[in-house]
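Shown here: run-v4.txt, compact mmCIF, C-alpha atoms.
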```
# COMPACT_ATOMS: atom_id res chain seq x y z
CA MET A 19 -13.93 19.87 -14.26
CA ILE A 20 -11.19 21.15 -11.95
CA ALA A 21 -10.97 24.34 -14.04
CA ILE A 22 -14.73 24.90 -13.66
CA PHE A 23 -14.45 24.34 -9.92
CA PHE A 24 -11.66 26.94 -9.64
CA LEU A 25 -13.57 29.38 -11.85
CA LEU A 26 -16.62 29.03 -9.61
CA ALA A 27 -14.47 29.53 -6.53
CA LEU A 28 -12.93 32.66 -8.08
CA LEU A 29 -16.35 34.05 -8.95
CA GLN A 30 -17.47 33.63 -5.36
CA ILE A 31 -14.47 35.50 -3.98
CA LYS A 32 -15.44 38.95 -2.80
CA VAL A 33 -13.13 41.59 -1.37
CA PRO A 34 -14.29 44.85 0.22
CA ASP A 35 -15.02 47.17 -2.69
CA ALA A 36 -14.34 50.90 -2.85
CA ALA A 37 -17.91 51.49 -4.05
CA SER A 38 -19.26 50.36 -0.66
CA ILE A 39 -16.80 52.66 1.13
CA VAL A 40 -16.65 55.88 -0.92
CA GLY A 41 -19.44 55.38 -3.44
CA GLN A 42 -19.33 55.25 -7.22
CA PRO A 43 -16.39 56.79 -9.16
CA GLN A 44 -16.81 60.53 -9.67
CA GLY A 45 -14.10 61.09 -12.25
CA ALA A 46 -12.94 59.83 -15.62
CA PRO A 47 -11.05 56.50 -15.79
CA LEU A 48 -7.32 57.07 -16.38
CA SER A 49 -4.93 54.99 -18.44
CA GLY A 50 -1.40 55.10 -19.90
CA PRO A 51 1.15 57.68 -18.76
CA GLN A 52 -1.57 59.80 -17.14
CA LEU A 53 -2.53 56.86 -14.92
CA GLU A 54 1.11 56.26 -13.91
CA GLN A 55 1.68 59.95 -13.21
CA LYS A 56 -1.43 60.26 -11.05
CA THR A 57 -0.63 56.99 -9.26
CA MET A 58 2.80 58.36 -8.32
CA ALA A 59 1.30 61.68 -7.20
CA ILE A 60 -1.29 60.04 -4.91
CA SER A 61 1.27 57.48 -3.67
CA ALA A 62 3.39 60.40 -2.46
CA GLU A 63 0.50 61.58 -0.27
CA LEU A 64 -0.16 58.25 1.47
CA ARG A 65 1.92 57.03 4.40
CA CYS A 66 3.20 53.47 4.35
CA PRO A 67 1.77 51.85 7.52
CA VAL A 68 4.76 49.57 8.11
CA CYS A 69 7.52 52.15 7.53
CA GLN A 70 8.81 55.13 9.48
CA GLY A 71 7.37 58.18 7.77
CA LEU A 72 7.78 56.92 4.20
CA ALA A 73 5.21 57.42 1.47
CA ILE A 74 3.90 54.27 -0.18
CA GLY A 75 5.49 55.47 -3.41
CA ASP A 76 8.94 55.38 -1.78
CA SER A 77 8.55 52.19 0.25
CA PRO A 78 9.75 48.77 -0.90
CA SER A 79 7.40 46.96 1.55
CA ILE A 80 4.75 44.49 0.39
CA MET A 81 1.99 46.46 2.13
CA ALA A 82 2.99 49.66 0.31
CA ALA A 83 3.10 47.80 -3.03
CA ASN A 84 -0.44 46.49 -2.39
CA MET A 85 -1.68 49.97 -1.52
CA LYS A 86 -0.04 51.47 -4.61
CA ALA A 87 -1.63 48.79 -6.80
CA GLN A 88 -4.96 49.67 -5.19
CA VAL A 89 -4.44 53.38 -5.98
CA ARG A 90 -3.69 52.51 -9.62
CA GLU A 91 -6.76 50.29 -9.88
CA LEU A 92 -9.07 52.92 -8.36
CA LEU A 93 -7.74 55.61 -10.73
CA ALA A 94 -8.28 53.26 -13.69
CA ARG A 95 -11.87 52.81 -12.51
CA GLY A 96 -12.44 56.56 -12.44
CA TYR A 97 -12.11 57.35 -8.75
CA THR A 98 -10.94 60.88 -7.98
CA GLU A 99 -7.93 61.74 -5.80
CA GLU A 100 -10.25 62.93 -3.03
CA GLN A 101 -12.21 59.66 -3.12
CA ILE A 102 -9.02 57.58 -3.06
CA LEU A 103 -7.55 59.48 -0.09
CA SER A 104 -10.90 59.13 1.68
CA TYR A 105 -10.95 55.38 0.90
CA PHE A 106 -7.61 54.84 2.66
CA GLU A 107 -8.50 57.23 5.48
CA LYS A 108 -11.65 55.20 6.24
CA SER A 109 -9.46 52.13 6.91
CA TYR A 110 -6.32 53.64 8.42
CA GLY A 111 -7.55 56.97 9.80
CA GLN A 112 -5.76 60.27 9.30
CA PHE A 113 -2.50 58.49 10.08
CA VAL A 114 -2.33 57.43 6.45
CA LEU A 115 -2.41 60.99 5.12
CA LEU A 116 1.08 62.49 4.91
CA LYS A 117 -0.48 65.94 4.64
CA PRO A 118 -2.66 66.27 7.76
CA LYS A 119 -6.14 67.71 7.34
CA PHE A 120 -6.98 71.19 8.65
CA GLN A 121 -9.27 69.98 11.44
CA GLY A 122 -9.16 69.14 15.15
CA VAL A 123 -5.73 68.92 16.83
CA ASN A 124 -4.13 68.55 13.39
CA ALA A 125 -5.07 72.16 12.65
CA LEU A 126 -2.32 73.14 15.13
CA VAL A 127 0.27 71.81 12.69
CA TRP A 128 -0.81 74.52 10.26
CA ILE A 129 -1.71 77.28 12.74
CA LEU A 130 1.16 77.06 15.25
CA PRO A 131 4.05 77.95 12.90
CA VAL A 132 2.12 81.00 11.64
CA VAL A 133 1.29 82.09 15.20
CA VAL A 134 4.90 81.66 16.36
CA LEU A 135 6.16 83.59 13.31
CA ALA A 136 3.64 86.38 13.97
CA ILE A 137 4.69 86.62 17.64
CA GLY A 138 8.35 86.73 16.60
CA PHE A 139 7.64 89.45 14.03
CA VAL A 140 5.74 91.59 16.56
CA LEU A 141 8.56 91.23 19.09
CA VAL A 142 11.26 92.18 16.56
CA VAL A 143 9.28 95.20 15.30
CA SER A 144 8.50 96.48 18.79
CA LYS A 145 12.13 96.04 19.87
CA ALA A 146 13.37 97.82 16.72
CA LYS A 147 10.99 100.75 17.35
CA LYS A 148 12.26 101.16 20.90
CA LEU A 149 15.85 101.22 19.68
CA GLU A 150 14.96 103.97 17.17
CA VAL A 151 13.28 106.17 19.79
CA ALA A 152 15.89 105.75 22.55
CA PRO A 153 18.29 108.77 22.61
CA VAL A 154 21.93 108.06 22.01
CA ALA A 155 23.70 108.42 25.31
CA ALA A 156 25.90 111.55 25.30
CA ALA A 157 29.56 111.15 26.03
CA PRO A 158 30.33 112.27 29.58
CA GLU A 159 31.94 115.65 29.64
CA GLU A 160 35.41 115.88 31.04
CA PRO A 161 35.53 117.73 34.31
CA ALA A 162 37.54 120.88 33.73
CA ASP A 163 39.41 120.70 36.98
CA ASP A 164 40.49 117.04 36.96
CA PRO A 165 43.99 117.14 38.54
CA TYR A 166 44.95 113.83 36.92
CA LEU A 167 44.11 115.05 33.41
CA ALA A 168 45.96 118.30 34.07
CA ARG A 169 49.11 116.37 34.99
CA VAL A 170 48.83 114.21 31.86
CA ARG A 171 48.43 117.28 29.62
CA GLU A 172 51.37 118.95 31.27
CA ARG A 173 53.62 115.94 30.61
CA VAL A 174 52.47 115.57 26.99
CA GLU A 175 53.14 119.22 26.29
CA LYS A 176 56.64 118.93 27.81
CA GLN A 177 57.53 116.13 25.46
CA MET B 30 9.63 93.46 28.11
CA ASN B 31 12.49 90.96 28.64
CA ARG B 32 10.41 89.18 31.26
CA THR B 33 7.49 88.87 28.81
CA VAL B 34 9.79 87.51 26.09
CA LEU B 35 11.24 85.00 28.55
CA ILE B 36 7.79 83.79 29.62
CA ILE B 37 6.58 83.43 26.00
CA GLY B 38 9.79 81.58 25.13
CA ILE B 39 9.41 79.20 28.06
CA ILE B 40 5.78 78.48 27.11
CA ILE B 41 6.73 77.74 23.48
CA VAL B 42 9.70 75.54 24.42
CA ALA B 43 7.61 73.70 27.07
CA ALA B 44 4.86 73.02 24.49
CA ILE B 45 7.40 71.67 21.97
CA VAL B 46 9.10 69.50 24.63
CA PHE B 47 5.70 68.18 25.76
CA VAL B 48 4.63 67.28 22.21
CA LEU B 49 7.98 65.59 21.47
CA PHE B 50 7.95 63.72 24.77
CA ALA B 51 4.37 62.50 24.24
CA GLY B 52 5.21 61.50 20.66
CA LEU B 53 8.39 59.64 21.58
CA GLY B 54 6.43 57.57 24.09
CA ASN B 55 4.11 56.27 21.35
CA ASP B 56 4.65 53.09 19.37
CA PRO B 57 5.40 54.33 15.83
CA GLN B 58 3.80 51.18 14.39
CA HIS B 59 0.52 51.67 16.26
CA ILE B 60 -2.43 52.85 14.21
CA ASP B 61 -5.69 53.76 15.94
CA SER B 62 -8.33 51.99 13.89
CA PRO B 63 -11.22 54.16 12.70
CA LEU B 64 -13.13 50.89 12.17
CA ILE B 65 -13.72 50.19 15.87
CA GLY B 66 -17.48 50.40 16.43
CA LYS B 67 -18.13 50.15 12.67
CA PRO B 68 -19.42 47.20 10.61
CA ALA B 69 -16.63 44.81 9.60
CA PRO B 70 -15.76 45.23 5.90
CA PRO B 71 -17.42 42.29 4.10
CA PHE B 72 -15.34 39.66 2.33
CA ALA B 73 -15.69 36.18 0.90
CA LEU B 74 -12.35 34.45 0.38
CA LYS B 75 -11.18 31.00 -0.58
CA SER B 76 -10.07 28.69 2.20
CA VAL B 77 -6.68 27.11 1.54
CA ASN B 78 -7.66 24.23 3.85
CA THR B 79 -10.75 23.10 1.97
CA GLY B 80 -10.95 25.18 -1.19
CA GLU B 81 -14.44 26.41 -0.31
CA THR B 82 -15.28 30.11 -0.16
CA ILE B 83 -16.07 31.51 3.27
CA ASP B 84 -18.23 34.59 3.45
CA LEU B 85 -17.91 36.73 6.57
CA ALA B 86 -21.61 37.61 6.33
CA SER B 87 -22.51 33.92 6.77
CA LEU B 88 -20.86 33.95 10.21
CA ARG B 89 -23.16 36.67 11.58
CA GLY B 90 -24.63 35.58 14.91
CA LYS B 91 -21.42 34.57 16.65
CA PRO B 92 -18.21 36.37 17.57
CA VAL B 93 -15.51 36.21 14.92
CA ILE B 94 -11.76 36.61 15.38
CA VAL B 95 -10.03 37.58 12.13
CA ASN B 96 -6.28 37.10 12.30
CA PHE B 97 -4.16 38.55 9.47
CA TRP B 98 -0.87 36.70 9.08
CA ALA B 99 1.67 35.37 6.59
CA THR B 100 4.24 32.59 6.47
CA TRP B 101 7.00 35.19 5.98
CA CYS B 102 6.07 36.86 9.28
CA VAL B 103 8.30 35.66 12.13
CA PRO B 104 6.02 36.70 15.06
CA CYS B 105 3.20 34.74 13.39
CA TYR B 106 5.08 31.51 14.16
CA GLU B 107 5.09 32.48 17.83
CA GLU B 108 1.38 33.36 17.80
CA HIS B 109 0.02 30.38 15.87
CA PRO B 110 -0.06 27.83 18.75
CA THR B 111 -2.01 30.32 20.92
CA LEU B 112 -4.65 30.78 18.23
CA VAL B 113 -4.97 27.06 17.53
CA ALA B 114 -5.26 26.19 21.24
CA ASN B 115 -7.91 28.87 21.86
CA ALA B 116 -9.86 27.94 18.72
CA ARG B 117 -10.07 24.36 20.00
CA GLN B 118 -11.25 25.53 23.43
CA LEU B 119 -13.79 28.07 22.14
CA PRO B 120 -16.15 26.30 19.71
CA ASN B 121 -18.68 29.14 19.93
CA VAL B 122 -16.20 31.62 18.56
CA GLN B 123 -15.31 31.55 14.86
CA PHE B 124 -11.61 31.98 14.22
CA ILE B 125 -10.49 32.94 10.71
CA GLY B 126 -6.97 33.35 9.42
CA VAL B 127 -6.46 35.71 6.50
CA VAL B 128 -3.12 35.39 4.75
CA PHE B 129 -1.93 38.01 2.30
CA ASN B 130 0.94 38.11 -0.19
CA ASP B 131 1.67 34.44 0.22
CA THR B 132 1.30 31.19 -1.71
CA GLU B 133 -1.03 28.28 -1.02
CA ASP B 134 1.95 25.88 -1.00
CA LYS B 135 3.73 27.75 1.76
CA ILE B 136 0.52 28.19 3.77
CA ASN B 137 -0.39 24.50 3.52
CA ARG B 138 3.14 23.49 4.54
CA PHE B 139 2.98 25.87 7.51
CA LEU B 140 -0.40 24.48 8.62
CA ALA B 141 0.67 20.86 8.10
CA GLU B 142 3.72 21.38 10.28
CA ARG B 143 2.10 23.51 12.98
CA GLY B 144 -1.50 22.38 13.06
CA SER B 145 -4.75 23.99 12.06
CA ALA B 146 -8.06 24.44 13.86
CA TYR B 147 -9.92 26.99 11.75
CA PRO B 148 -10.24 28.15 8.12
CA THR B 149 -7.31 29.99 6.61
CA LEU B 150 -8.30 32.28 3.74
CA LEU B 151 -6.09 33.67 1.02
CA ASP B 152 -6.21 37.42 0.40
CA ALA B 153 -4.09 37.23 -2.74
CA ASN B 154 -3.64 40.95 -3.46
CA GLY B 155 -4.03 42.25 0.09
CA LYS B 156 -7.27 44.14 -0.65
CA THR B 157 -9.05 42.74 2.39
CA ALA B 158 -6.06 43.66 4.58
CA ILE B 159 -6.16 47.21 3.21
CA ALA B 160 -9.92 47.50 3.86
CA TYR B 161 -9.28 46.50 7.48
CA GLY B 162 -6.41 49.00 7.80
CA VAL B 163 -3.83 46.31 8.48
CA GLY B 164 -0.45 47.90 9.13
CA GLY B 165 1.62 44.77 9.65
CA VAL B 166 1.25 41.11 10.52
CA PRO B 167 0.14 39.59 12.76
CA GLU B 168 -2.87 41.77 13.39
CA THR B 169 -6.19 40.60 14.81
CA TYR B 170 -9.70 42.03 14.64
CA PHE B 171 -12.45 41.05 17.06
CA ILE B 172 -15.97 41.18 15.60
CA ASN B 173 -19.10 40.77 17.70
CA SER B 174 -22.13 38.68 16.75
CA ALA B 175 -23.77 41.73 15.13
CA GLY B 176 -20.84 42.07 12.73
CA THR B 177 -19.27 45.13 14.38
CA ILE B 178 -15.51 45.44 14.93
CA VAL B 179 -15.01 45.90 18.66
CA ALA B 180 -11.24 45.59 19.03
CA LYS B 181 -7.99 45.42 17.13
CA PHE B 182 -4.74 43.92 18.35
CA GLU B 183 -1.34 44.51 16.75
CA GLY B 184 1.39 41.91 17.18
CA PRO B 185 1.38 38.30 18.41
CA LEU B 186 -1.49 37.57 20.80
CA SER B 187 -1.07 35.80 24.11
CA THR B 188 -4.03 33.84 25.53
CA GLU B 189 -4.67 36.64 28.07
CA GLN B 190 -4.69 39.31 25.37
CA LEU B 191 -6.93 37.20 23.17
CA GLN B 192 -9.46 36.61 25.96
CA GLU B 193 -9.35 40.23 27.09
CA ASN B 194 -10.24 41.43 23.59
CA LEU B 195 -12.72 38.63 22.98
CA ALA B 196 -14.60 39.71 26.11
CA LYS B 197 -15.44 42.97 24.29
CA ALA B 198 -17.00 40.93 21.47
CA LEU B 199 -19.06 38.88 23.92
CA ARG B 200 -20.65 41.87 25.70
```
Would you mind writing the file's structure down as structure tokens?
Amino acid sequence: MIAIFFLLALLQIKVPDAASIVGQPQGAPLSGPQLEQKTMAISAELRCPVCQGLAIGDSPSIMAANMKAQVRELLARGYTEEQILSYFEKSYGQFVLLKPKFQGVNALVWILPVVVLAIGFVLVVSKAKKLEVAPVAAAPEEPADDPYLARVRERVEKQ
Amino acid sequence: MNRTVLIIGIIIVAAIVFVLFAGLGNDPQHIDSPLIGKPAPPFALKSVNTGETIDLASLRGKPVIVNFWATWCVPCYEEHPTLVANARQLPNVQFIGVVFNDTEDKINRFLAERGSAYPTLLDANGKTAIAYGVGGVPETYFINSAGTIVAKFEGPLSTEQLQENLAKALR
């Protein structure tokens, strides 16, 4: 009787399902080594919410272990990497993605280094061109009638 | 040319300093919830107090405060009396505790020692916590009578913070 009661209670338990968040699975269900490999790969892309910049795959925290188990379960059900990342993003926002998306302010993360590199390149090239064009300064000619030089020459010759 | 290089350099350095300064001022544990203004993820979990299953959907029509906690969370001990006292004073608000990665024994011992005034549900594998974007415990979500999440609070709540956030659910 108690077992039936617990079974009924278990059947009534309902947790938020990925299908209601990102729709039906769009890939093939994974299993075995392929499942483990893909779980590790996706776990490396998701930030652990209780750690400082660690991926859930590298974190020993309970929260990260739960999230990793969720990734494994979704892959086994046939969810694609894109769907799984979207599933976590819908709950945690872009914070959870270790690789920021190319949109909004986050786009600066991708654009800024390229822009700064380009500016640096242009500056170096323009500076180098100017150095090439600039004439080499000629050595100043000795004045023929410098009395000091004449005295020096005279002494050197005497020795 | 040198003047131009200097100005560009100053602008770049100022931008980097500004971004670092703004970033250092932020709480690294804080996560802006994308769920604010969205329907609360549905769940039906078993109450450790009574053994019955409580479905969030059945509570539609009154404000709900969902508090994620655990017996292994030290700040949760500090917060618990505040939640119990407010739950007793606010009968028109449904308080729900959701405990993840914990055991019924430990939860029941905690509640027996510290009192209980609302259902405490067990989220055995943390799936509900993940769907709510819980980063750490305690964390509290305020849901209005239409079932929309209106606020999220990270850390142990004081009565003032609880009432301030609850006001958003009562609007």
### Task
Counting all atoms listed in the file, note down every residue that has an atom within 10 Å of the point (1.3, 35.3, 7.8) (file coordinates), as a list in words.
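The answer, in the requested form, is Asn96, Phe97, Trp98, Ala99, Thr100, Trp101, Cys102, Val103, Pro104, Cys105, Tyr106, His109, Gly126, Val127, Val128, Phe129, Asn130, Asp131, Lys135, Ile136, Phe139, Gly165, Val166, Pro167 and Glu168 of chain B.
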### Task
Using only C-alpha atoms, find which residues of chain B lie within 6 Å of chain A and jot them down as a PyMOL selection string.
chain B and resi 63+70-74+157+160-162+164-165
I need the residues from that last selection saved to file as a PDB file, in the frame of the given file (with C-alpha atoms), if you can.
```pdb
ATOM      1  CA  PRO B  63     -11.220  54.160  12.700  1.00  0.00           C
ATOM      2  CA  PRO B  70     -15.760  45.230   5.900  1.00  0.00           C
ATOM      3  CA  PRO B  71     -17.420  42.290   4.100  1.00  0.00           C
ATOM      4  CA  PHE B  72     -15.340  39.660   2.330  1.00  0.00           C
ATOM      5  CA  ALA B  73     -15.690  36.180   0.900  1.00  0.00           C
ATOM      6  CA  LEU B  74     -12.350  34.450   0.380  1.00  0.00           C
ATOM      7  CA  THR B 157      -9.050  42.740   2.390  1.00  0.00           C
ATOM      8  CA  ALA B 160      -9.920  47.500   3.860  1.00  0.00           C
ATOM      9  CA  TYR B 161      -9.280  46.500   7.480  1.00  0.00           C
ATOM     10  CA  GLY B 162      -6.410  49.000   7.800  1.00  0.00           C
ATOM     11  CA  GLY B 164      -0.450  47.900   9.130  1.00  0.00           C
ATOM     12  CA  GLY B 165       1.620  44.770   9.650  1.00  0.00           C
TER      13      GLY B 165
END
```
### Query
Between B:Leu112, B:Leu49, B:Val77, B:Ala180, which one has atoms that come closest to Ala141 (chain B), using all atoms listed in the file?
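For Ala141 (chain B), the nearest of the candidates is B:Val77.
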### Spatial neighbours of region 115-125 of chain B, max dist 12 Å, all atoms listed in the file, sep filter under 5 positions, as a ChimeraX atom specification
/B:72-78,83-85,87-98,108-110,144-151,168-174,186-192,195-196,198-199
### Query
Of the candidates B:Ala114, B:Ile37, B:Leu140, B:Ile65, which shows the shortest atom-to-atom distance to Val179 (chain B), using only C-alpha atoms?
B:Ile65
#### Entry: Distance criterion (only C-alpha atoms): nearest to Leu92 (chain A) out of A:Lys56, A:Arg173, A:Lys119, A:Lys148
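Distance minimum relative to Leu92 (chain A) lands on A:Lys56.
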### Query
Which residues, written as a list of chain:residue names, have at least one atom at most 6 Å from Ala69 (chain B), with all atoms listed in the file counted and residues fewer than 5 positions away on the same chain left out?
B:Gly176, B:Thr177, B:Ile178
### Query
In Å, how far is it from CA of Gly66 (chain B) to CA of Glu183 (chain B)?
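These atoms are spaced 17.2 Å apart.
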### Query
How many Å separate CA of Thr98 (chain A) from CA of Leu115 (chain A)?
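Interatomic distance, CA of Thr98 (chain A) to CA of Leu115 (chain A): 15.6 Å.
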### Task
Figure out the distance between CA of Pro78 (chain A) and CA of Ala153 (chain B), please, to one decimal in Å.
18.1 Å
### Task
Counting all atoms listed in the file, figure out which residue out of B:Leu64, B:Thr111, B:Asp134, B:Lys156 gets nearest to Pro185 (chain B).
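Among the listed residues, B:Thr111 lies closest to Pro185 (chain B).
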Please rebuild region 47-67 of chain A with N, CA and C atoms and give the result as a PDB file, keeping the file's coordinate frame.
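File written: selection-v5.pdb
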```pdb
ATOM      1  N   PRO A  47     -12.081  57.545 -15.931  1.00  0.00           N
ATOM      2  CA  PRO A  47     -11.050  56.500 -15.790  1.00  0.00           C
ATOM      3  C   PRO A  47      -9.752  56.932 -16.476  1.00  0.00           C
ATOM      4  N   LEU A  48      -8.618  56.693 -15.811  1.00  0.00           N
ATOM      5  CA  LEU A  48      -7.320  57.070 -16.380  1.00  0.00           C
ATOM      6  C   LEU A  48      -6.628  55.849 -16.955  1.00  0.00           C
ATOM      7  N   SER A  49      -5.732  56.092 -17.887  1.00  0.00           N
ATOM      8  CA  SER A  49      -4.930  54.990 -18.440  1.00  0.00           C
ATOM      9  C   SER A  49      -3.613  55.565 -18.958  1.00  0.00           C
ATOM     10  N   GLY A  50      -2.685  54.684 -19.308  1.00  0.00           N
ATOM     11  CA  GLY A  50      -1.400  55.100 -19.900  1.00  0.00           C
ATOM     12  C   GLY A  50      -0.557  55.940 -18.961  1.00  0.00           C
ATOM     13  N   PRO A  51       0.230  56.865 -19.560  1.00  0.00           N
ATOM     14  CA  PRO A  51       1.150  57.680 -18.760  1.00  0.00           C
ATOM     15  C   PRO A  51       0.433  58.538 -17.712  1.00  0.00           C
ATOM     16  N   GLN A  52      -0.783  58.969 -18.069  1.00  0.00           N
ATOM     17  CA  GLN A  52      -1.570  59.800 -17.140  1.00  0.00           C
ATOM     18  C   GLN A  52      -1.892  59.008 -15.856  1.00  0.00           C
ATOM     19  N   LEU A  53      -2.213  57.730 -16.058  1.00  0.00           N
ATOM     20  CA  LEU A  53      -2.530  56.860 -14.920  1.00  0.00           C
ATOM     21  C   LEU A  53      -1.294  56.678 -14.035  1.00  0.00           C
ATOM     22  N   GLU A  54      -0.138  56.452 -14.665  1.00  0.00           N
ATOM     23  CA  GLU A  54       1.110  56.260 -13.910  1.00  0.00           C
ATOM     24  C   GLU A  54       1.476  57.521 -13.134  1.00  0.00           C
ATOM     25  N   GLN A  55       1.327  58.668 -13.824  1.00  0.00           N
ATOM     26  CA  GLN A  55       1.680  59.950 -13.210  1.00  0.00           C
ATOM     27  C   GLN A  55       0.806  60.228 -11.985  1.00  0.00           C
ATOM     28  N   LYS A  56      -0.491  59.996 -12.145  1.00  0.00           N
ATOM     29  CA  LYS A  56      -1.430  60.260 -11.050  1.00  0.00           C
ATOM     30  C   LYS A  56      -1.212  59.251  -9.916  1.00  0.00           C
ATOM     31  N   THR A  57      -0.895  58.004 -10.288  1.00  0.00           N
ATOM     32  CA  THR A  57      -0.630  56.990  -9.260  1.00  0.00           C
ATOM     33  C   THR A  57       0.554  57.419  -8.403  1.00  0.00           C
ATOM     34  N   MET A  58       1.609  57.906  -9.053  1.00  0.00           N
ATOM     35  CA  MET A  58       2.800  58.360  -8.320  1.00  0.00           C
ATOM     36  C   MET A  58       2.454  59.548  -7.421  1.00  0.00           C
ATOM     37  N   ALA A  59       1.642  60.477  -7.962  1.00  0.00           N
ATOM     38  CA  ALA A  59       1.300  61.680  -7.200  1.00  0.00           C
ATOM     39  C   ALA A  59       0.511  61.317  -5.931  1.00  0.00           C
ATOM     40  N   ILE A  60      -0.467  60.426  -6.070  1.00  0.00           N
ATOM     41  CA  ILE A  60      -1.290  60.040  -4.910  1.00  0.00           C
ATOM     42  C   ILE A  60      -0.458  59.171  -3.954  1.00  0.00           C
ATOM     43  N   SER A  61       0.419  58.335  -4.510  1.00  0.00           N
ATOM     44  CA  SER A  61       1.270  57.480  -3.670  1.00  0.00           C
ATOM     45  C   SER A  61       2.213  58.313  -2.802  1.00  0.00           C
ATOM     46  N   ALA A  62       2.508  59.526  -3.248  1.00  0.00           N
ATOM     47  CA  ALA A  62       3.390  60.400  -2.460  1.00  0.00           C
ATOM     48  C   ALA A  62       2.632  61.034  -1.297  1.00  0.00           C
ATOM     49  N   GLU A  63       1.312  60.960  -1.327  1.00  0.00           N
ATOM     50  CA  GLU A  63       0.500  61.580  -0.270  1.00  0.00           C
ATOM     51  C   GLU A  63       0.053  60.582   0.795  1.00  0.00           C
ATOM     52  N   LEU A  64       0.296  59.272   0.532  1.00  0.00           N
ATOM     53  CA  LEU A  64      -0.160  58.250   1.470  1.00  0.00           C
ATOM     54  C   LEU A  64       1.014  57.640   2.233  1.00  0.00           C
ATOM     55  N   ARG A  65       0.857  57.564   3.539  1.00  0.00           N
ATOM     56  CA  ARG A  65       1.920  57.030   4.400  1.00  0.00           C
ATOM     57  C   ARG A  65       1.906  55.499   4.391  1.00  0.00           C
ATOM     58  N   CYS A  66       3.079  54.926   4.273  1.00  0.00           N
ATOM     59  CA  CYS A  66       3.200  53.470   4.350  1.00  0.00           C
ATOM     60  C   CYS A  66       3.010  53.060   5.819  1.00  0.00           C
ATOM     61  N   PRO A  67       2.051  52.179   6.111  1.00  0.00           N
ATOM     62  CA  PRO A  67       1.770  51.850   7.520  1.00  0.00           C
ATOM     63  C   PRO A  67       2.839  51.028   8.222  1.00  0.00           C
TER      64      PRO A  67
END
```
